[in-house]
$ cat work_36.tsv   # TSV, C-alpha atoms
chain	number	residue	atom	x	y	z
A	1	MET	CA	1.34	-146.98	95.81
A	2	LEU	CA	-1.74	-144.98	94.82
A	3	LYS	CA	-3.78	-143.71	97.76
A	4	ILE	CA	-7.22	-142.21	97.23
A	5	ASP	CA	-9.40	-140.86	100.03
A	6	ARG	CA	-13.11	-140.60	99.24
A	7	ASP	CA	-14.30	-138.92	102.43
A	8	LEU	CA	-12.21	-135.78	103.02
A	9	LEU	CA	-13.87	-133.72	100.29
A	10	GLY	CA	-16.91	-135.84	99.59
A	11	ARG	CA	-15.20	-136.93	96.38
A	12	PRO	CA	-11.97	-138.80	95.52
A	13	LEU	CA	-8.71	-137.07	96.49
A	14	ARG	CA	-5.19	-138.40	95.96
A	15	VAL	CA	-3.43	-138.58	99.33
A	16	ASP	CA	-0.09	-139.98	98.20
A	17	GLU	CA	3.04	-139.34	100.21
A	18	PRO	CA	4.17	-135.74	99.48
A	19	VAL	CA	7.80	-136.32	98.51
A	20	GLU	CA	7.65	-139.70	96.83
A	21	GLU	CA	4.51	-139.66	94.72
A	22	LEU	CA	2.23	-136.67	95.20
A	23	GLY	CA	3.82	-134.67	92.39
A	24	ILE	CA	3.49	-137.40	89.76
A	25	SER	CA	0.71	-136.51	87.31
A	26	SER	CA	-2.40	-138.65	87.43
A	27	TYR	CA	-2.15	-138.95	83.65
A	28	ASP	CA	1.32	-140.50	83.93
A	29	ARG	CA	0.18	-142.77	86.77
A	30	LEU	CA	-2.73	-143.95	84.63
A	31	ARG	CA	-0.50	-144.72	81.65
A	32	GLU	CA	1.89	-146.62	83.90
A	33	ALA	CA	-0.95	-148.66	85.40
A	34	VAL	CA	-2.32	-149.56	81.95
A	35	LYS	CA	1.11	-150.56	80.66
A	36	ALA	CA	1.68	-152.67	83.79
A	37	GLY	CA	-1.69	-154.37	83.45
A	38	ASP	CA	-2.76	-153.07	86.87
A	39	THR	CA	-6.47	-152.94	86.12
A	40	LYS	CA	-7.62	-151.91	89.60
A	41	THR	CA	-5.27	-148.93	89.83
A	42	ALA	CA	-6.11	-147.91	86.26
A	43	LEU	CA	-9.85	-147.98	86.95
A	44	ASP	CA	-9.38	-146.04	90.20
A	45	LEU	CA	-7.40	-143.42	88.32
A	46	ILE	CA	-9.97	-143.21	85.50
A	47	ASP	CA	-12.60	-142.38	88.11
A	48	TYR	CA	-10.24	-139.93	89.78
A	49	VAL	CA	-9.12	-137.99	86.70
A	50	GLN	CA	-12.79	-137.34	85.95
A	51	VAL	CA	-12.95	-135.15	89.05
A	52	GLU	CA	-9.32	-134.05	89.49
A	53	GLY	CA	-9.62	-131.04	87.22
A	54	LYS	CA	-13.31	-130.49	87.75
A	55	GLY	CA	-12.97	-128.54	91.00
A	56	LEU	CA	-10.70	-125.98	89.31
A	57	HIS	CA	-12.97	-125.83	86.26
A	58	ASP	CA	-15.99	-125.14	88.47
A	59	LEU	CA	-14.09	-122.56	90.50
A	60	TYR	CA	-13.14	-120.59	87.39
A	61	CYS	CA	-16.70	-120.70	86.04
A	62	ASP	CA	-17.99	-119.47	89.40
A	63	TRP	CA	-15.27	-116.81	89.45
A	64	VAL	CA	-16.40	-115.47	86.06
A	65	TYR	CA	-20.01	-115.50	87.20
A	66	GLY	CA	-19.03	-113.63	90.37
A	67	LEU	CA	-17.11	-111.00	88.41
A	68	LEU	CA	-20.02	-110.44	86.02
A	69	THR	CA	-22.38	-110.07	88.98
A	70	TRP	CA	-20.11	-107.48	90.61
A	71	ILE	CA	-19.91	-105.50	87.37
A	72	ALA	CA	-23.68	-105.57	86.97
A	73	ASP	CA	-24.30	-104.55	90.59
A	74	ASN	CA	-21.73	-101.75	90.63
A	75	CYS	CA	-21.63	-100.49	87.04
A	76	GLY	CA	-25.06	-101.42	85.72
A	77	GLU	CA	-25.95	-104.65	83.99
A	78	GLU	CA	-26.09	-102.83	80.65
A	79	ARG	CA	-22.26	-102.75	80.79
A	80	LEU	CA	-22.15	-106.53	80.58
A	81	LEU	CA	-22.58	-106.32	76.81
A	82	ASP	CA	-19.43	-104.16	76.57
A	83	VAL	CA	-17.54	-106.53	78.88
A	84	LEU	CA	-18.52	-109.61	76.92
A	85	LYS	CA	-17.69	-107.96	73.58
A	86	MET	CA	-14.28	-106.85	74.86
A	87	THR	CA	-13.39	-110.27	76.24
A	88	LYS	CA	-14.41	-112.03	73.03
A	89	GLN	CA	-12.41	-109.58	70.93
A	90	THR	CA	-9.41	-110.03	73.23
A	91	ILE	CA	-9.30	-113.81	72.97
A	92	SER	CA	-10.36	-114.00	69.32
A	93	ALA	CA	-6.84	-113.56	67.97
A	94	VAL	CA	-5.96	-117.02	69.27
A	95	PHE	CA	-9.40	-118.55	69.73
A	96	LEU	CA	-10.64	-117.98	66.19
A	97	ASP	CA	-7.27	-118.80	64.65
A	98	GLN	CA	-7.60	-122.29	66.15
A	99	LEU	CA	-10.87	-122.74	64.27
A	100	LYS	CA	-9.68	-121.58	60.85
A	101	ASN	CA	-9.43	-125.14	59.52
A	102	LEU	CA	-13.00	-126.02	60.50
A	103	LYS	CA	-14.70	-125.69	57.13
A	104	THR	CA	-18.01	-127.46	57.74
A	105	LYS	CA	-20.77	-127.44	60.34
A	106	LYS	CA	-19.99	-131.07	61.09
A	107	GLN	CA	-16.42	-130.14	62.02
A	108	LEU	CA	-17.66	-127.20	64.08
A	109	LEU	CA	-20.06	-129.54	65.87
A	110	GLN	CA	-17.20	-131.94	66.62
A	111	TRP	CA	-15.15	-129.13	68.16
A	112	TYR	CA	-18.00	-127.71	70.24
A	113	THR	CA	-18.94	-131.18	71.43
A	114	GLU	CA	-15.39	-131.56	72.70
A	115	GLN	CA	-15.83	-128.30	74.59
A	116	MET	CA	-19.06	-129.46	76.20
A	117	ARG	CA	-17.54	-132.82	77.15
A	118	ALA	CA	-14.67	-130.91	78.74
A	119	HIS	CA	-17.26	-128.86	80.66
A	120	ARG	CA	-18.34	-132.18	82.23
A	121	SER	CA	-21.85	-131.71	80.89
A	122	GLY	CA	-24.57	-134.29	81.31
A	123	PRO	CA	-25.81	-136.55	84.11
A	124	GLY	CA	-23.19	-137.32	86.75
A	125	GLU	CA	-21.05	-134.51	85.29
A	126	THR	CA	-19.08	-137.02	83.22
A	127	GLY	CA	-19.32	-135.34	79.81
A	128	LYS	CA	-22.16	-137.50	78.45
A	129	LEU	CA	-24.08	-135.70	75.69
A	130	THR	CA	-26.78	-136.43	73.14
A	131	VAL	CA	-25.95	-135.68	69.51
A	132	ARG	CA	-28.28	-136.25	66.59
A	133	GLU	CA	-28.40	-135.29	62.94
A	134	GLU	CA	-31.57	-133.91	61.36
A	135	GLU	CA	-32.15	-133.09	57.72
A	136	ASP	CA	-31.10	-129.47	57.99
A	137	ARG	CA	-29.06	-129.33	61.18
A	138	PHE	CA	-27.08	-131.07	63.90
A	139	VAL	CA	-28.46	-130.97	67.45
A	140	LEU	CA	-26.30	-131.17	70.59
A	141	SER	CA	-28.14	-131.56	73.89
A	142	CYS	CA	-26.56	-131.13	77.34
A	143	ASP	CA	-28.58	-132.20	80.37
A	144	PRO	CA	-27.27	-130.12	82.04
A	145	CYS	CA	-24.62	-127.93	80.48
A	146	GLY	CA	-21.59	-128.41	82.71
A	147	ALA	CA	-21.08	-124.67	83.13
A	148	GLY	CA	-24.20	-122.50	83.08
A	149	GLY	CA	-26.50	-125.46	83.61
A	150	ARG	CA	-24.57	-126.71	86.62
A	151	MET	CA	-24.60	-123.23	88.14
A	152	ARG	CA	-28.35	-122.88	87.61
A	153	ARG	CA	-29.20	-126.34	88.96
A	154	GLY	CA	-26.46	-126.90	91.52
A	155	GLY	CA	-23.50	-129.26	91.49
A	156	GLU	CA	-24.35	-132.94	91.28
A	157	VAL	CA	-20.87	-134.18	92.16
A	158	ASP	CA	-20.16	-131.81	95.06
A	159	GLY	CA	-23.77	-131.36	96.17
A	160	SER	CA	-23.45	-127.57	96.06
A	161	PRO	CA	-26.53	-125.34	95.60
A	162	ALA	CA	-27.42	-123.34	92.51
A	163	ARG	CA	-25.26	-120.23	92.16
A	164	THR	CA	-28.38	-118.10	91.76
A	165	LYS	CA	-29.45	-119.08	95.30
A	166	PRO	CA	-27.90	-118.59	98.79
A	167	PRO	CA	-25.13	-118.46	99.75
A	168	PHE	CA	-23.98	-117.36	96.29
A	169	ASN	CA	-26.89	-115.20	95.06
A	170	LEU	CA	-25.23	-114.56	91.72
A	171	GLY	CA	-27.07	-112.38	89.24
A	172	THR	CA	-29.58	-112.68	86.44
A	173	THR	CA	-30.77	-109.98	84.05
A	174	LYS	CA	-33.35	-107.66	85.57
A	175	LYS	CA	-34.55	-106.56	82.13
A	176	ALA	CA	-34.99	-108.18	78.75
A	177	TYR	CA	-32.28	-107.22	76.24
A	178	PRO	CA	-31.61	-108.28	72.66
A	179	TRP	CA	-28.34	-109.77	73.91
A	180	SER	CA	-30.23	-111.84	76.53
A	181	TRP	CA	-32.44	-113.44	73.87
A	182	GLY	CA	-35.10	-110.82	74.67
A	183	LYS	CA	-35.62	-112.30	78.12
A	184	LYS	CA	-35.07	-111.26	81.71
A	185	ASN	CA	-33.82	-113.47	84.54
A	186	VAL	CA	-31.07	-114.86	82.30
A	187	SER	CA	-27.96	-115.93	84.20
A	188	TYR	CA	-25.16	-113.39	83.69
A	189	TYR	CA	-22.83	-116.29	82.96
A	190	CYS	CA	-25.06	-117.68	80.21
A	191	LEU	CA	-25.09	-114.35	78.37
A	192	HIS	CA	-21.85	-115.16	76.57
A	193	CYS	CA	-23.69	-117.85	74.58
A	194	SER	CA	-26.00	-115.19	73.17
A	195	VAL	CA	-23.38	-112.45	72.74
A	196	TRP	CA	-20.39	-114.46	71.49
A	197	HIS	CA	-21.92	-117.24	69.44
A	198	GLU	CA	-25.03	-115.52	68.12
A	199	LEU	CA	-24.99	-111.70	68.18
A	200	MET	CA	-21.30	-111.04	67.48
A	201	ALA	CA	-20.97	-113.91	65.00
A	202	MET	CA	-24.05	-112.75	63.11
A	203	GLN	CA	-22.79	-109.18	63.02
A	204	ALA	CA	-19.38	-110.28	61.75
A	205	THR	CA	-20.34	-112.97	59.23
A	206	GLY	CA	-24.12	-113.06	58.98
A	207	VAL	CA	-24.06	-116.55	60.47
A	208	PRO	CA	-24.09	-117.76	64.11
A	209	THR	CA	-21.44	-120.27	65.15
A	210	ARG	CA	-24.17	-122.09	67.07
A	211	LEU	CA	-27.64	-121.36	68.43
A	212	VAL	CA	-29.26	-122.06	71.77
A	213	GLU	CA	-32.59	-123.64	70.88
A	214	GLU	CA	-34.67	-122.10	73.66
A	215	TYR	CA	-33.26	-120.69	76.89
A	216	ASP	CA	-35.86	-120.92	79.66
A	217	PRO	CA	-34.87	-118.58	82.52
A	218	ASP	CA	-37.49	-120.08	84.81
A	219	ASN	CA	-36.68	-123.74	84.25
A	220	PRO	CA	-33.05	-124.70	84.94
A	221	ASP	CA	-34.00	-128.38	84.65
A	222	LYS	CA	-34.55	-128.01	80.93
A	223	PRO	CA	-31.60	-129.36	78.87
A	224	CYS	CA	-29.39	-126.87	77.05
A	225	THR	CA	-29.76	-127.67	73.34
A	226	LEU	CA	-27.38	-126.26	70.73
A	227	LEU	CA	-28.22	-126.09	67.04
A	228	PHE	CA	-25.81	-126.16	64.08
A	229	TYR	CA	-27.62	-125.44	60.80
A	230	LYS	CA	-25.91	-126.94	57.77
A	231	ASP	CA	-27.18	-124.23	55.41
A	232	PRO	CA	-27.34	-120.65	56.81
A	233	ALA	CA	-30.23	-119.91	54.45
A	234	LYS	CA	-32.36	-122.35	56.42
A	235	ILE	CA	-31.83	-120.68	59.80
A	236	PRO	CA	-35.24	-119.37	60.88
A	237	GLU	CA	-35.59	-115.60	60.98
A	238	MET	CA	-36.63	-115.72	64.65
A	239	TYR	CA	-33.07	-116.53	65.74
A	240	TYR	CA	-31.91	-113.22	64.27
A	241	ARG	CA	-34.87	-111.23	65.59
A	242	ARG	CA	-34.39	-112.41	69.16
A	243	VAL	CA	-30.93	-110.79	69.30
A	244	GLY	CA	-32.16	-107.61	67.60
A	245	LEU	CA	-30.91	-108.32	64.09
A	246	THR	CA	-32.37	-108.92	60.64
A	247	LYS	CA	-31.44	-112.06	58.76
A	248	PRO	CA	-29.28	-111.32	55.69
A	249	ALA	CA	-31.20	-111.66	52.46
A	250	THR	CA	-28.74	-114.21	51.08
A	251	GLY	CA	-27.47	-116.43	53.93
A	252	ALA	CA	-23.78	-115.66	54.13
A	253	GLN	CA	-21.61	-118.69	53.39
A	254	LYS	CA	-18.89	-118.14	55.94
A	255	PRO	CA	-16.82	-120.83	57.75
A	256	GLY	CA	-18.96	-123.75	58.82
A	257	GLY	CA	-21.68	-122.90	56.29
A	258	THR	CA	-21.93	-126.32	54.64
A	259	LYS	CA	-22.35	-129.88	55.79
$ encode --input "work_36.tsv" --output "structure tokens"
Amino acid sequence: MLKIDRDLLGRPLRVDEPVEELGISSYDRLREAVKAGDTKTALDLIDYVQVEGKGLHDLYCDWVYGLLTWIADNCGEERLLDVLKMTKQTISAVFLDQLKNLKTKKQLLQWYTEQMRAHRSGPGETGKLTVREEEDRFVLSCDPCGAGGRMRRGGEVDGSPARTKPPFNLGTTKKAYPWSWGKKNVSYYCLHCSVWHELMAMQATGVPTRLVEEYDPDNPDKPCTLLFYKDPAKIPEMYYRRVGLTKPATGAQKPGGTK
């Protein structure tokens, strides 16, 4: 019998008997409940699986943010660009290979939206997003982003404070760099959005994989809005200038360059 305690951690926790049931995956329990027509158990498990993996997700995001802060404090924050470039290059062999079949911006949007749902973005940290199509682009809005946004605002589900405040005090850029959108006070964690998806993608193909509309270091309550231009030629020059680049004269038609 499923047992869920809602008080021990301030969120649901499975407290099944260790030997008999604790090792059974929540996914399998949910499928069994649906097949058996046990609506109550199924609904309890739907609520539970929303948070079951979230604690580990948040811990790993915080871990990355902590590591980047240590590197900045002990090696100089200028080294963060090298660190982010190295990590992207390291994972690209698998990461980019997974995206090779995404031929249009619409498909790229669908994949990135999956990523942001998995980040538990949006109100209540449930993965709720706003997606709209405009004439020249798709727009994905996260309020907040479930990674950088949660760490800048604080955790809604666990009631934890912003990672940039006590007791965490994790770092933000002390200077403005091209790879921090030309701004200071940018969360070290959020830098990968500028470096990976804008700077490095533009340098490699002439086209960003996605763009952050406007990162406001002083307003964590502002939604994180991602832009996917259907035609690279229509990407405004300012998005290249803010990361220290010049827009190619003929918008490169690389993967994801058409609707």
$ residues_around --input "work_36.tsv" --residues "Asp62 (chain A)" --least-positions-apart "3" --cutoff "12 Å" --atoms "only C-alpha atoms" --output "MDAnalysis selection string"
chainID A and resid 55:59 65:69 146:152 154:155 160 162:164 168:171 187:190
$ closest_residue --input "work_36.tsv" --among "A:Leu2, A:Pro167, A:Val49, A:Asn219" --to "Glu21 (chain A)" --atoms "only C-alpha atoms"
A:Leu2
$ closest_residue --input "work_36.tsv" --among "A:Met238, A:Ala176, A:Leu227, A:Ala233" --to "Lys105 (chain A)" --atoms "all atoms listed in the file"
A:Leu227
$ closest_residue --input "work_36.tsv" --among "A:Leu30, A:Leu43, A:Leu9, A:Val186" --to "Thr172 (chain A)" --atoms "all atoms listed in the file"
A:Val186
$ closest_residue --input "work_36.tsv" --among "A:Val139, A:Ala204, A:Val212, A:Ala42" --to "Leu191 (chain A)" --atoms "all atoms listed in the file"
A:Val212
$ residues_around --input "work_36.tsv" --residues "Cys142 (chain A)" --least-positions-apart "6" --cutoff "10 Å" --atoms "all atoms listed in the file" --output "JSON, numbers by chain"
{"A": [113, 116, 117, 120, 121, 122, 123, 127, 128, 129, 130, 131, 149, 222, 223, 224, 225, 226]}
$ closest_atom_pairs --input "work_36.tsv" --of "region 77-181 of chain A" --to "region 198-203 of chain A" --cutoff "10 Å" --atoms "only C-alpha atoms" --output "Markdown table"
| residue | atom | partner | partner_atom | distance |
| --- | --- | --- | --- | --- |
| A:Leu84 | CA | A:Met200 | CA | 9.9 |
| A:Lys85 | CA | A:Met200 | CA | 7.7 |
| A:Lys88 | CA | A:Met200 | CA | 8.9 |
| A:Gln89 | CA | A:Met200 | CA | 9.6 |
| A:Pro178 | CA | A:Leu199 | CA | 8.7 |
| A:Trp179 | CA | A:Leu199 | CA | 6.9 |
| A:Ser180 | CA | A:Leu199 | CA | 9.9 |
| A:Trp181 | CA | A:Leu199 | CA | 9.5 |
$ atom_distance --input "work_36.tsv" --atom1 "CA of Val19 (chain A)" --atom2 "CA of Met1 (chain A)"
12.8 Å
$ atom_distance --input "work_36.tsv" --atom1 "CA of Tyr229 (chain A)" --atom2 "CA of Asp136 (chain A)"
6.0 Å
$ atom_distance --input "work_36.tsv" --atom1 "CA of Val34 (chain A)" --atom2 "CA of Ile46 (chain A)"
10.6 Å
$ closest_residue --input "work_36.tsv" --among "A:Asp221, A:Gly182, A:Tyr112, A:Asp16" --to "Pro144 (chain A)" --atoms "only C-alpha atoms"
A:Asp221
$ closest_residue --input "work_36.tsv" --among "A:Leu140, A:Ile4, A:Ile235, A:Ala118" --to "Asp44 (chain A)" --atoms "only C-alpha atoms"
A:Ile4
